[in-house]
file coords-v2.tsv (TSV, C-alpha atoms)
chain	number	residue	atom	x	y	z
A	1	MET	CA	0.00	0.00	0.00
A	2	LEU	CA	1.25	3.49	-0.87
A	3	TYR	CA	0.90	6.59	1.28
A	4	HIS	CA	1.13	10.31	0.58
A	5	VAL	CA	2.51	12.60	3.26
A	6	SER	CA	1.31	16.17	3.88
A	7	ARG	CA	3.36	18.88	5.59
A	8	ASN	CA	2.59	22.60	5.68
A	9	GLY	CA	0.05	22.21	2.89
A	10	GLN	CA	2.42	20.36	0.52
A	11	ASN	CA	2.04	16.72	-0.42
A	12	TYR	CA	4.91	14.28	-0.92
A	13	GLY	CA	5.18	10.67	-1.98
A	14	PRO	CA	3.89	8.13	-2.59
A	15	TYR	CA	5.78	6.01	-0.04
A	16	THR	CA	5.48	2.42	1.09
A	17	LEU	CA	5.02	1.67	4.79
A	18	GLU	CA	8.70	0.67	4.92
A	19	ASP	CA	9.63	4.03	3.38
A	20	LEU	CA	7.66	5.85	6.06
A	21	GLN	CA	9.42	3.91	8.81
A	22	ARG	CA	12.85	4.57	7.30
A	23	TYR	CA	12.24	8.31	6.80
A	24	VAL	CA	10.84	8.68	10.32
A	25	THR	CA	14.02	7.06	11.63
A	26	SER	CA	16.22	9.42	9.59
A	27	GLY	CA	14.11	12.42	10.63
A	28	ASN	CA	12.99	13.37	7.12
A	29	ILE	CA	9.36	12.59	8.01
A	30	LEU	CA	7.82	13.51	11.37
A	31	LEU	CA	5.38	11.40	13.33
A	32	THR	CA	3.20	14.51	13.43
A	33	ASP	CA	3.08	14.82	9.63
A	34	LEU	CA	-0.16	13.66	8.07
A	35	ALA	CA	-0.40	10.55	5.89
A	36	ARG	CA	-3.12	9.04	3.77
A	37	SER	CA	-3.51	6.08	1.43
A	38	GLU	CA	-6.07	5.63	-1.34
A	39	THR	CA	-8.19	3.46	0.95
A	40	MET	CA	-8.24	5.97	3.81
A	41	SER	CA	-11.08	8.47	4.09
A	42	GLU	CA	-9.07	11.08	6.02
A	43	TRP	CA	-5.52	12.18	6.81
A	44	LEU	CA	-3.96	10.69	9.94
A	45	PRO	CA	-0.68	11.41	11.75
A	46	VAL	CA	2.21	9.30	10.51
A	47	GLY	CA	2.69	7.92	14.03
A	48	GLN	CA	-0.86	6.59	14.00
A	49	VAL	CA	-0.43	5.09	10.54
A	50	LEU	CA	2.70	3.30	11.71
A	51	GLY	CA	0.72	1.63	14.44
A	52	GLY	CA	1.16	4.01	17.35
A	53	VAL	CA	4.94	4.04	17.34
A	54	GLN	CA	5.92	6.01	20.43
A	55	SER	CA	8.75	8.42	19.89
A	56	THR	CA	9.31	11.99	20.91
A	57	ALA	CA	12.52	12.46	18.97
A	58	PHE	CA	10.75	13.81	15.91
A	59	GLN	CA	7.60	15.34	17.34
A	60	GLN	CA	8.89	18.88	17.75
A	61	PRO	CA	7.45	21.51	15.36
A	62	ILE	CA	9.38	21.92	12.14
A	63	THR	CA	10.35	25.13	10.45
A	64	PRO	CA	9.76	25.00	6.65
A	65	GLY	CA	12.95	24.06	4.89
A	66	TYR	CA	14.52	22.55	8.02
A	67	MET	CA	15.42	18.86	8.07
A	68	PRO	CA	15.63	17.38	11.56
A	69	GLN	CA	17.51	14.13	11.76
A	70	THR	CA	19.27	12.34	14.61
A	71	GLY	CA	20.63	9.35	12.71
A	72	PRO	CA	22.87	9.24	9.66
A	73	SER	CA	21.16	10.28	6.45
A	74	ALA	CA	20.36	7.60	3.91
A	75	PHE	CA	21.66	9.94	1.20
A	76	PRO	CA	25.07	11.57	0.69
A	77	ASP	CA	25.22	15.31	1.25
A	78	PRO	CA	25.39	17.64	-1.77
A	79	PRO	CA	28.83	18.84	-2.91
A	80	ASN	CA	30.08	20.94	-0.01
A	81	LEU	CA	31.76	24.02	-1.46
A	82	HIS	CA	30.23	27.40	-0.81
A	83	TRP	CA	28.73	28.94	-3.93
A	84	VAL	CA	30.82	32.10	-3.51
A	85	LEU	CA	34.01	30.02	-3.71
A	86	VAL	CA	32.67	28.25	-6.79
A	87	PHE	CA	32.11	31.67	-8.38
A	88	VAL	CA	35.54	33.05	-7.45
A	89	ILE	CA	37.47	29.95	-8.52
A	90	GLY	CA	35.46	29.84	-11.74
A	91	LEU	CA	36.46	33.43	-12.53
A	92	PHE	CA	40.16	32.84	-11.79
A	93	THR	CA	40.21	29.73	-14.00
A	94	CYS	CA	38.46	31.49	-16.89
A	95	GLY	CA	35.39	29.30	-16.52
A	96	ILE	CA	37.18	25.94	-16.51
A	97	PHE	CA	36.22	25.28	-12.89
A	98	PHE	CA	32.55	25.80	-13.75
A	99	ILE	CA	32.85	22.89	-16.21
A	100	VAL	CA	34.52	20.74	-13.55
A	101	TRP	CA	31.91	21.64	-10.95
A	102	ASP	CA	29.06	20.86	-13.37
A	103	ILE	CA	30.42	17.31	-13.59
A	104	VAL	CA	30.98	17.05	-9.81
A	105	GLN	CA	27.37	18.04	-9.12
A	106	ALA	CA	26.01	15.74	-11.83
A	107	ALA	CA	28.04	12.78	-10.52
A	108	TRP	CA	26.54	13.37	-7.05
A	109	MET	CA	23.09	13.61	-8.62
A	110	ARG	CA	23.52	10.17	-10.20
A	111	LYS	CA	24.07	8.73	-6.71
A	112	ILE	CA	20.86	10.33	-5.44
A	113	VAL	CA	18.68	9.91	-8.52
A	114	PRO	CA	20.18	7.11	-10.66
A	115	GLN	CA	17.97	7.93	-13.66
A	116	SER	CA	19.52	11.40	-13.97
A	117	LYS	CA	21.09	12.03	-17.39
A	118	ALA	CA	22.80	15.30	-16.49
A	119	LEU	CA	26.25	13.71	-16.13
A	120	PHE	CA	26.13	12.33	-19.68
A	121	TYR	CA	24.87	15.66	-21.04
A	122	TYR	CA	27.68	17.57	-19.31
A	123	ILE	CA	30.37	15.17	-20.52
A	124	ALA	CA	29.07	15.33	-24.09
A	125	GLU	CA	28.84	19.14	-23.90
A	126	THR	CA	32.42	19.39	-22.61
A	127	ALA	CA	33.73	17.06	-25.32
A	128	LEU	CA	31.96	19.08	-28.02
A	129	THR	CA	33.26	22.36	-26.64
A	130	PHE	CA	36.89	21.23	-26.69
A	131	ALA	CA	36.46	19.52	-30.06
A	132	ARG	CA	35.06	22.79	-31.44
A	133	LEU	CA	38.14	24.65	-30.24
A	134	GLY	CA	40.31	22.07	-32.00
A	135	VAL	CA	38.36	22.45	-35.24
A	136	VAL	CA	38.17	26.23	-35.41
A	137	PHE	CA	41.48	27.57	-34.08
A	138	PRO	CA	43.93	25.62	-36.30
A	139	PHE	CA	42.32	27.24	-39.35
A	140	ILE	CA	42.55	30.82	-38.15
A	141	GLY	CA	46.21	31.07	-39.18
A	142	PHE	CA	45.69	29.03	-42.35
A	143	HIS	CA	42.92	31.40	-43.40
A	144	ARG	CA	45.49	34.24	-43.59
A	145	VAL	CA	47.92	32.50	-45.98
A	146	ASP	CA	48.57	34.63	-49.11
A	147	GLY	CA	49.21	33.55	-52.69
A	148	ALA	CA	48.01	30.43	-54.44
A	149	TYR	CA	46.72	28.88	-51.24
A	150	GLY	CA	44.83	31.97	-50.13
A	151	THR	CA	41.49	31.07	-51.75
A	152	TYR	CA	41.61	27.48	-50.58
A	153	GLY	CA	42.50	28.61	-47.09
A	154	SER	CA	39.53	30.97	-47.02
A	155	MET	CA	37.14	28.23	-48.18
A	156	ALA	CA	38.53	25.74	-45.67
A	157	GLY	CA	38.37	28.27	-42.86
A	158	ALA	CA	34.75	29.12	-43.71
A	159	GLY	CA	33.78	25.45	-43.92
A	160	PHE	CA	35.31	24.56	-40.60
A	161	GLY	CA	33.91	27.75	-39.13
A	162	LEU	CA	30.44	26.51	-40.08
A	163	ILE	CA	31.14	23.13	-38.49
A	164	GLY	CA	32.36	24.90	-35.40
A	165	ALA	CA	29.15	26.93	-35.26
A	166	PHE	CA	27.01	23.79	-35.41
A	167	MET	CA	29.14	22.19	-32.71
A	168	GLY	CA	28.73	25.29	-30.56
A	169	ILE	CA	24.93	25.15	-30.92
A	170	ALA	CA	24.89	21.44	-30.09
A	171	ALA	CA	27.05	22.07	-27.00
A	172	LEU	CA	24.65	24.82	-25.86
A	173	VAL	CA	21.65	22.51	-26.29
A	174	LEU	CA	23.39	19.80	-24.24
A	175	LEU	CA	24.24	22.33	-21.52
A	176	ILE	CA	20.59	23.43	-21.28
A	177	LEU	CA	19.39	19.82	-21.19
A	178	ALA	CA	21.86	19.05	-18.41
A	179	ARG	CA	20.83	22.04	-16.31
A	180	PHE	CA	17.12	21.32	-16.54
A	181	ASP	CA	17.65	17.62	-15.90
A	182	MET	CA	19.53	18.63	-12.73
A	183	LYS	CA	16.69	20.98	-11.80
A	184	ALA	CA	14.06	18.25	-12.21
A	185	CYS	CA	16.07	15.67	-10.25
A	186	ILE	CA	16.91	18.08	-7.43
A	187	GLU	CA	13.25	19.04	-7.04
A	188	GLN	CA	12.19	15.40	-7.22
A	189	HIS	CA	14.59	14.36	-4.47
A	190	TYR	CA	14.02	17.28	-2.13
A	191	ASN	CA	10.25	17.00	-2.42
A	192	THR	CA	10.03	13.22	-1.90
A	193	ALA	CA	12.98	11.38	-0.35
A	194	GLU	CA	14.20	14.37	1.71
A	195	PRO	CA	11.16	16.66	1.64
A	196	ILE	CA	12.00	20.31	2.26
A	197	GLY	CA	9.67	21.85	-0.32
A	198	LEU	CA	12.47	23.00	-2.64
A	199	GLN	CA	11.48	24.74	-5.87
A	200	LEU	CA	14.02	26.04	-8.40
A	201	GLY	CA	13.41	28.89	-10.82
A	202	PRO	CA	13.75	28.12	-14.55
A	203	VAL	CA	15.31	31.51	-15.37
A	204	MET	CA	18.01	31.20	-12.70
A	205	THR	CA	18.61	27.59	-13.79
A	206	PHE	CA	19.04	28.67	-17.42
A	207	PHE	CA	21.49	31.50	-16.78
A	208	PHE	CA	23.45	30.37	-13.72
A	209	GLY	CA	23.27	26.55	-13.67
A	210	SER	CA	25.74	24.98	-11.24
A	211	LEU	CA	26.29	28.27	-9.39
A	212	TYR	CA	22.55	28.53	-8.68
A	213	PHE	CA	22.38	24.86	-7.65
A	214	GLN	CA	25.37	25.30	-5.34
A	215	TYR	CA	23.66	28.23	-3.62
A	216	HIS	CA	20.86	25.87	-2.62
A	217	PHE	CA	23.27	23.02	-1.83
A	218	SER	CA	25.14	25.32	0.55
A	219	ARG	CA	21.86	26.06	2.35
A	220	ILE	CA	20.92	22.37	2.46
A	221	ASN	CA	24.32	21.40	3.87
A	222	GLU	CA	23.93	24.06	6.56
A	223	MET	CA	20.44	22.71	7.44
A	224	LYS	CA	21.84	19.21	7.73
A	225	ARG	CA	24.76	20.38	9.84
A	226	MET	CA	22.44	22.16	12.26
A	227	ALA	CA	20.13	19.13	12.41
A	228	ARG	CA	22.97	16.71	13.16
A	229	TYR	CA	24.25	18.81	16.04
A	230	GLY	CA	20.82	19.73	17.33
A	231	VAL	CA	21.16	23.42	16.51
A	232	PRO	CA	17.75	25.03	15.90
A	233	PRO	CA	17.36	26.88	12.59
A	234	VAL	CA	17.61	30.65	12.57
A	235	ALA	CA	14.16	32.23	12.21

call {"tool": "encode", "arguments": {"input": "coords-v2.tsv", "output": "C-alpha coordinates"}}
result
Amino acid sequence: MLYHVSRNGQNYGPYTLEDLQRYVTSGNILLTDLARSETMSEWLPVGQVLGGVQSTAFQQPITPGYMPQTGPSAFPDPPNLHWVLVFVIGLFTCGIFFIVWDIVQAAWMRKIVPQSKALFYYIAETALTFARLGVVFPFIGFHRVDGAYGTYGSMAGAGFGLIGAFMGIAALVLLILARFDMKACIEQHYNTAEPIGLQLGPVMTFFFGSLYFQYHFSRINEMKRMARYGVPPVA
(Lines of atoms letter the chains of each structure in order from A and count residues from 1; the text may use other names and numbers.)
(Lines give C-alpha, C1' and ligand atoms only; values in the text may rest on other atoms or scores of the structure.)
Protein backbone atom coordinates (compact mmCIF):
# COMPACT_ATOMS: atom_id res chain seq x y z
CA MET A 1 0.00 0.00 0.00
CA LEU A 2 1.25 3.49 -0.87
CA TYR A 3 0.90 6.59 1.28
CA HIS A 4 1.13 10.31 0.58
CA VAL A 5 2.51 12.60 3.26
CA SER A 6 1.31 16.17 3.88
CA ARG A 7 3.36 18.88 5.59
CA ASN A 8 2.59 22.60 5.68
CA GLY A 9 0.05 22.21 2.89
CA GLN A 10 2.42 20.36 0.52
CA ASN A 11 2.04 16.72 -0.42
CA TYR A 12 4.91 14.28 -0.92
CA GLY A 13 5.18 10.67 -1.98
CA PRO A 14 3.89 8.13 -2.59
CA TYR A 15 5.78 6.01 -0.04
CA THR A 16 5.48 2.42 1.09
CA LEU A 17 5.02 1.67 4.79
CA GLU A 18 8.70 0.67 4.92
CA ASP A 19 9.63 4.03 3.38
CA LEU A 20 7.66 5.85 6.06
CA GLN A 21 9.42 3.91 8.81
CA ARG A 22 12.85 4.57 7.30
CA TYR A 23 12.24 8.31 6.80
CA VAL A 24 10.84 8.68 10.32
CA THR A 25 14.02 7.06 11.63
CA SER A 26 16.22 9.42 9.59
CA GLY A 27 14.11 12.42 10.63
CA ASN A 28 12.99 13.37 7.12
CA ILE A 29 9.36 12.59 8.01
CA LEU A 30 7.82 13.51 11.37
CA LEU A 31 5.38 11.40 13.33
CA THR A 32 3.20 14.51 13.43
CA ASP A 33 3.08 14.82 9.63
CA LEU A 34 -0.16 13.66 8.07
CA ALA A 35 -0.40 10.55 5.89
CA ARG A 36 -3.12 9.04 3.77
CA SER A 37 -3.51 6.08 1.43
CA GLU A 38 -6.07 5.63 -1.34
CA THR A 39 -8.19 3.46 0.95
CA MET A 40 -8.24 5.97 3.81
CA SER A 41 -11.08 8.47 4.09
CA GLU A 42 -9.07 11.08 6.02
CA TRP A 43 -5.52 12.18 6.81
CA LEU A 44 -3.96 10.69 9.94
CA PRO A 45 -0.68 11.41 11.75
CA VAL A 46 2.21 9.30 10.51
CA GLY A 47 2.69 7.92 14.03
CA GLN A 48 -0.86 6.59 14.00
CA VAL A 49 -0.43 5.09 10.54
CA LEU A 50 2.70 3.30 11.71
CA GLY A 51 0.72 1.63 14.44
CA GLY A 52 1.16 4.01 17.35
CA VAL A 53 4.94 4.04 17.34
CA GLN A 54 5.92 6.01 20.43
CA SER A 55 8.75 8.42 19.89
CA THR A 56 9.31 11.99 20.91
CA ALA A 57 12.52 12.46 18.97
CA PHE A 58 10.75 13.81 15.91
CA GLN A 59 7.60 15.34 17.34
CA GLN A 60 8.89 18.88 17.75
CA PRO A 61 7.45 21.51 15.36
CA ILE A 62 9.38 21.92 12.14
CA THR A 63 10.35 25.13 10.45
CA PRO A 64 9.76 25.00 6.65
CA GLY A 65 12.95 24.06 4.89
CA TYR A 66 14.52 22.55 8.02
CA MET A 67 15.42 18.86 8.07
CA PRO A 68 15.63 17.38 11.56
CA GLN A 69 17.51 14.13 11.76
CA THR A 70 19.27 12.34 14.61
CA GLY A 71 20.63 9.35 12.71
CA PRO A 72 22.87 9.24 9.66
CA SER A 73 21.16 10.28 6.45
CA ALA A 74 20.36 7.60 3.91
CA PHE A 75 21.66 9.94 1.20
CA PRO A 76 25.07 11.57 0.69
CA ASP A 77 25.22 15.31 1.25
CA PRO A 78 25.39 17.64 -1.77
CA PRO A 79 28.83 18.84 -2.91
CA ASN A 80 30.08 20.94 -0.01
CA LEU A 81 31.76 24.02 -1.46
CA HIS A 82 30.23 27.40 -0.81
CA TRP A 83 28.73 28.94 -3.93
CA VAL A 84 30.82 32.10 -3.51
CA LEU A 85 34.01 30.02 -3.71
CA VAL A 86 32.67 28.25 -6.79
CA PHE A 87 32.11 31.67 -8.38
CA VAL A 88 35.54 33.05 -7.45
CA ILE A 89 37.47 29.95 -8.52
CA GLY A 90 35.46 29.84 -11.74
CA LEU A 91 36.46 33.43 -12.53
CA PHE A 92 40.16 32.84 -11.79
CA THR A 93 40.21 29.73 -14.00
CA CYS A 94 38.46 31.49 -16.89
CA GLY A 95 35.39 29.30 -16.52
CA ILE A 96 37.18 25.94 -16.51
CA PHE A 97 36.22 25.28 -12.89
CA PHE A 98 32.55 25.80 -13.75
CA ILE A 99 32.85 22.89 -16.21
CA VAL A 100 34.52 20.74 -13.55
CA TRP A 101 31.91 21.64 -10.95
CA ASP A 102 29.06 20.86 -13.37
CA ILE A 103 30.42 17.31 -13.59
CA VAL A 104 30.98 17.05 -9.81
CA GLN A 105 27.37 18.04 -9.12
CA ALA A 106 26.01 15.74 -11.83
CA ALA A 107 28.04 12.78 -10.52
CA TRP A 108 26.54 13.37 -7.05
CA MET A 109 23.09 13.61 -8.62
CA ARG A 110 23.52 10.17 -10.20
CA LYS A 111 24.07 8.73 -6.71
CA ILE A 112 20.86 10.33 -5.44
CA VAL A 113 18.68 9.91 -8.52
CA PRO A 114 20.18 7.11 -10.66
CA GLN A 115 17.97 7.93 -13.66
CA SER A 116 19.52 11.40 -13.97
CA LYS A 117 21.09 12.03 -17.39
CA ALA A 118 22.80 15.30 -16.49
CA LEU A 119 26.25 13.71 -16.13
CA PHE A 120 26.13 12.33 -19.68
CA TYR A 121 24.87 15.66 -21.04
CA TYR A 122 27.68 17.57 -19.31
CA ILE A 123 30.37 15.17 -20.52
CA ALA A 124 29.07 15.33 -24.09
CA GLU A 125 28.84 19.14 -23.90
CA THR A 126 32.42 19.39 -22.61
CA ALA A 127 33.73 17.06 -25.32
CA LEU A 128 31.96 19.08 -28.02
CA THR A 129 33.26 22.36 -26.64
CA PHE A 130 36.89 21.23 -26.69
CA ALA A 131 36.46 19.52 -30.06
CA ARG A 132 35.06 22.79 -31.44
CA LEU A 133 38.14 24.65 -30.24
CA GLY A 134 40.31 22.07 -32.00
CA VAL A 135 38.36 22.45 -35.24
CA VAL A 136 38.17 26.23 -35.41
CA PHE A 137 41.48 27.57 -34.08
CA PRO A 138 43.93 25.62 -36.30
CA PHE A 139 42.32 27.24 -39.35
CA ILE A 140 42.55 30.82 -38.15
CA GLY A 141 46.21 31.07 -39.18
CA PHE A 142 45.69 29.03 -42.35
CA HIS A 143 42.92 31.40 -43.40
CA ARG A 144 45.49 34.24 -43.59
CA VAL A 145 47.92 32.50 -45.98
CA ASP A 146 48.57 34.63 -49.11
CA GLY A 147 49.21 33.55 -52.69
CA ALA A 148 48.01 30.43 -54.44
CA TYR A 149 46.72 28.88 -51.24
CA GLY A 150 44.83 31.97 -50.13
CA THR A 151 41.49 31.07 -51.75
CA TYR A 152 41.61 27.48 -50.58
CA GLY A 153 42.50 28.61 -47.09
CA SER A 154 39.53 30.97 -47.02
CA MET A 155 37.14 28.23 -48.18
CA ALA A 156 38.53 25.74 -45.67
CA GLY A 157 38.37 28.27 -42.86
CA ALA A 158 34.75 29.12 -43.71
CA GLY A 159 33.78 25.45 -43.92
CA PHE A 160 35.31 24.56 -40.60
CA GLY A 161 33.91 27.75 -39.13
CA LEU A 162 30.44 26.51 -40.08
CA ILE A 163 31.14 23.13 -38.49
CA GLY A 164 32.36 24.90 -35.40
CA ALA A 165 29.15 26.93 -35.26
CA PHE A 166 27.01 23.79 -35.41
CA MET A 167 29.14 22.19 -32.71
CA GLY A 168 28.73 25.29 -30.56
CA ILE A 169 24.93 25.15 -30.92
CA ALA A 170 24.89 21.44 -30.09
CA ALA A 171 27.05 22.07 -27.00
CA LEU A 172 24.65 24.82 -25.86
CA VAL A 173 21.65 22.51 -26.29
CA LEU A 174 23.39 19.80 -24.24
CA LEU A 175 24.24 22.33 -21.52
CA ILE A 176 20.59 23.43 -21.28
CA LEU A 177 19.39 19.82 -21.19
CA ALA A 178 21.86 19.05 -18.41
CA ARG A 179 20.83 22.04 -16.31
CA PHE A 180 17.12 21.32 -16.54
CA ASP A 181 17.65 17.62 -15.90
CA MET A 182 19.53 18.63 -12.73
CA LYS A 183 16.69 20.98 -11.80
CA ALA A 184 14.06 18.25 -12.21
CA CYS A 185 16.07 15.67 -10.25
CA ILE A 186 16.91 18.08 -7.43
CA GLU A 187 13.25 19.04 -7.04
CA GLN A 188 12.19 15.40 -7.22
CA HIS A 189 14.59 14.36 -4.47
CA TYR A 190 14.02 17.28 -2.13
CA ASN A 191 10.25 17.00 -2.42
CA THR A 192 10.03 13.22 -1.90
CA ALA A 193 12.98 11.38 -0.35
CA GLU A 194 14.20 14.37 1.71
CA PRO A 195 11.16 16.66 1.64
CA ILE A 196 12.00 20.31 2.26
CA GLY A 197 9.67 21.85 -0.32
CA LEU A 198 12.47 23.00 -2.64
CA GLN A 199 11.48 24.74 -5.87
CA LEU A 200 14.02 26.04 -8.40
CA GLY A 201 13.41 28.89 -10.82
CA PRO A 202 13.75 28.12 -14.55
CA VAL A 203 15.31 31.51 -15.37
CA MET A 204 18.01 31.20 -12.70
CA THR A 205 18.61 27.59 -13.79
CA PHE A 206 19.04 28.67 -17.42
CA PHE A 207 21.49 31.50 -16.78
CA PHE A 208 23.45 30.37 -13.72
CA GLY A 209 23.27 26.55 -13.67
CA SER A 210 25.74 24.98 -11.24
CA LEU A 211 26.29 28.27 -9.39
CA TYR A 212 22.55 28.53 -8.68
CA PHE A 213 22.38 24.86 -7.65
CA GLN A 214 25.37 25.30 -5.34
CA TYR A 215 23.66 28.23 -3.62
CA HIS A 216 20.86 25.87 -2.62
CA PHE A 217 23.27 23.02 -1.83
CA SER A 218 25.14 25.32 0.55
CA ARG A 219 21.86 26.06 2.35
CA ILE A 220 20.92 22.37 2.46
CA ASN A 221 24.32 21.40 3.87
CA GLU A 222 23.93 24.06 6.56
CA MET A 223 20.44 22.71 7.44
CA LYS A 224 21.84 19.21 7.73
CA ARG A 225 24.76 20.38 9.84
CA MET A 226 22.44 22.16 12.26
CA ALA A 227 20.13 19.13 12.41
CA ARG A 228 22.97 16.71 13.16
CA TYR A 229 24.25 18.81 16.04
CA GLY A 230 20.82 19.73 17.33
CA VAL A 231 21.16 23.42 16.51
CA PRO A 232 17.75 25.03 15.90
CA PRO A 233 17.36 26.88 12.59
CA VAL A 234 17.61 30.65 12.57
CA ALA A 235 14.16 32.23 12.21

call {"tool": "closest_atom_pairs", "arguments": {"input": "coords-v2.tsv", "of": "segment 192-225 of chain A", "to": "segment 80-89 of chain A", "cutoff": "10 Å", "atoms": "all atoms listed in the file", "output": "Markdown table"}}
result
| residue | atom | partner | partner_atom | distance |
| --- | --- | --- | --- | --- |
| A:Ser210 | CA | A:Trp83 | CA | 8.8 |
| A:Leu211 | CA | A:Trp83 | CA | 6.0 |
| A:Tyr212 | CA | A:Trp83 | CA | 7.8 |
| A:Phe213 | CA | A:Trp83 | CA | 8.4 |
| A:Gln214 | CA | A:Trp83 | CA | 5.2 |
| A:Tyr215 | CA | A:Trp83 | CA | 5.1 |
| A:His216 | CA | A:Trp83 | CA | 8.5 |
| A:Phe217 | CA | A:Asn80 | CA | 7.3 |
| A:Ser218 | CA | A:His82 | CA | 5.7 |
| A:Arg219 | CA | A:His82 | CA | 9.0 |
| A:Ile220 | CA | A:Asn80 | CA | 9.6 |
| A:Asn221 | CA | A:Asn80 | CA | 7.0 |
| A:Glu222 | CA | A:Asn80 | CA | 9.5 |

call {"tool": "atom_distance", "arguments": {"input": "coords-v2.tsv", "atom1": "atom CA of Ile196 of chain A", "atom2": "atom CA of Ile99 of chain A"}}
result
28.0 Å

call {"tool": "atom_distance", "arguments": {"input": "coords-v2.tsv", "atom1": "atom CA of Trp108 of chain A", "atom2": "atom CA of Met167 of chain A"}}
result
27.3 Å

call {"tool": "atom_distance", "arguments": {"input": "coords-v2.tsv", "atom1": "atom CA of Phe75 of chain A", "atom2": "atom CA of Gln115 of chain A"}}
result
15.4 Å

call {"tool": "residues_around", "arguments": {"input": "coords-v2.tsv", "residues": "segment 1-5 of chain A", "least_positions_apart": "4", "cutoff": "7 Å", "atoms": "all atoms listed in the file", "output": "JSON, numbers by chain"}}
result
{"A": [11, 12, 13, 14, 15, 16, 33, 34, 35, 36, 37]}

call {"tool": "residues_around", "arguments": {"input": "coords-v2.tsv", "residues": "Val100 of chain A", "least_positions_apart": "6", "cutoff": "12 Å", "atoms": "all atoms listed in the file", "output": "number ranges by chain"}}
result
A: 86, 89-90, 93-94, 106-107, 119, 122-123, 125-126, 210-211

call {"tool": "closest_residue", "arguments": {"input": "coords-v2.tsv", "among": "A:Met226, A:Val49, A:Ala184, A:Ala193", "to": "Ile29 of chain A", "atoms": "all atoms listed in the file"}}
result
A:Ala193

call {"tool": "closest_residue", "arguments": {"input": "coords-v2.tsv", "among": "A:Ile169, A:Asp77, A:Ile186, A:Arg179", "to": "Pro114 of chain A", "atoms": "all atoms listed in the file"}}
result
A:Ile186
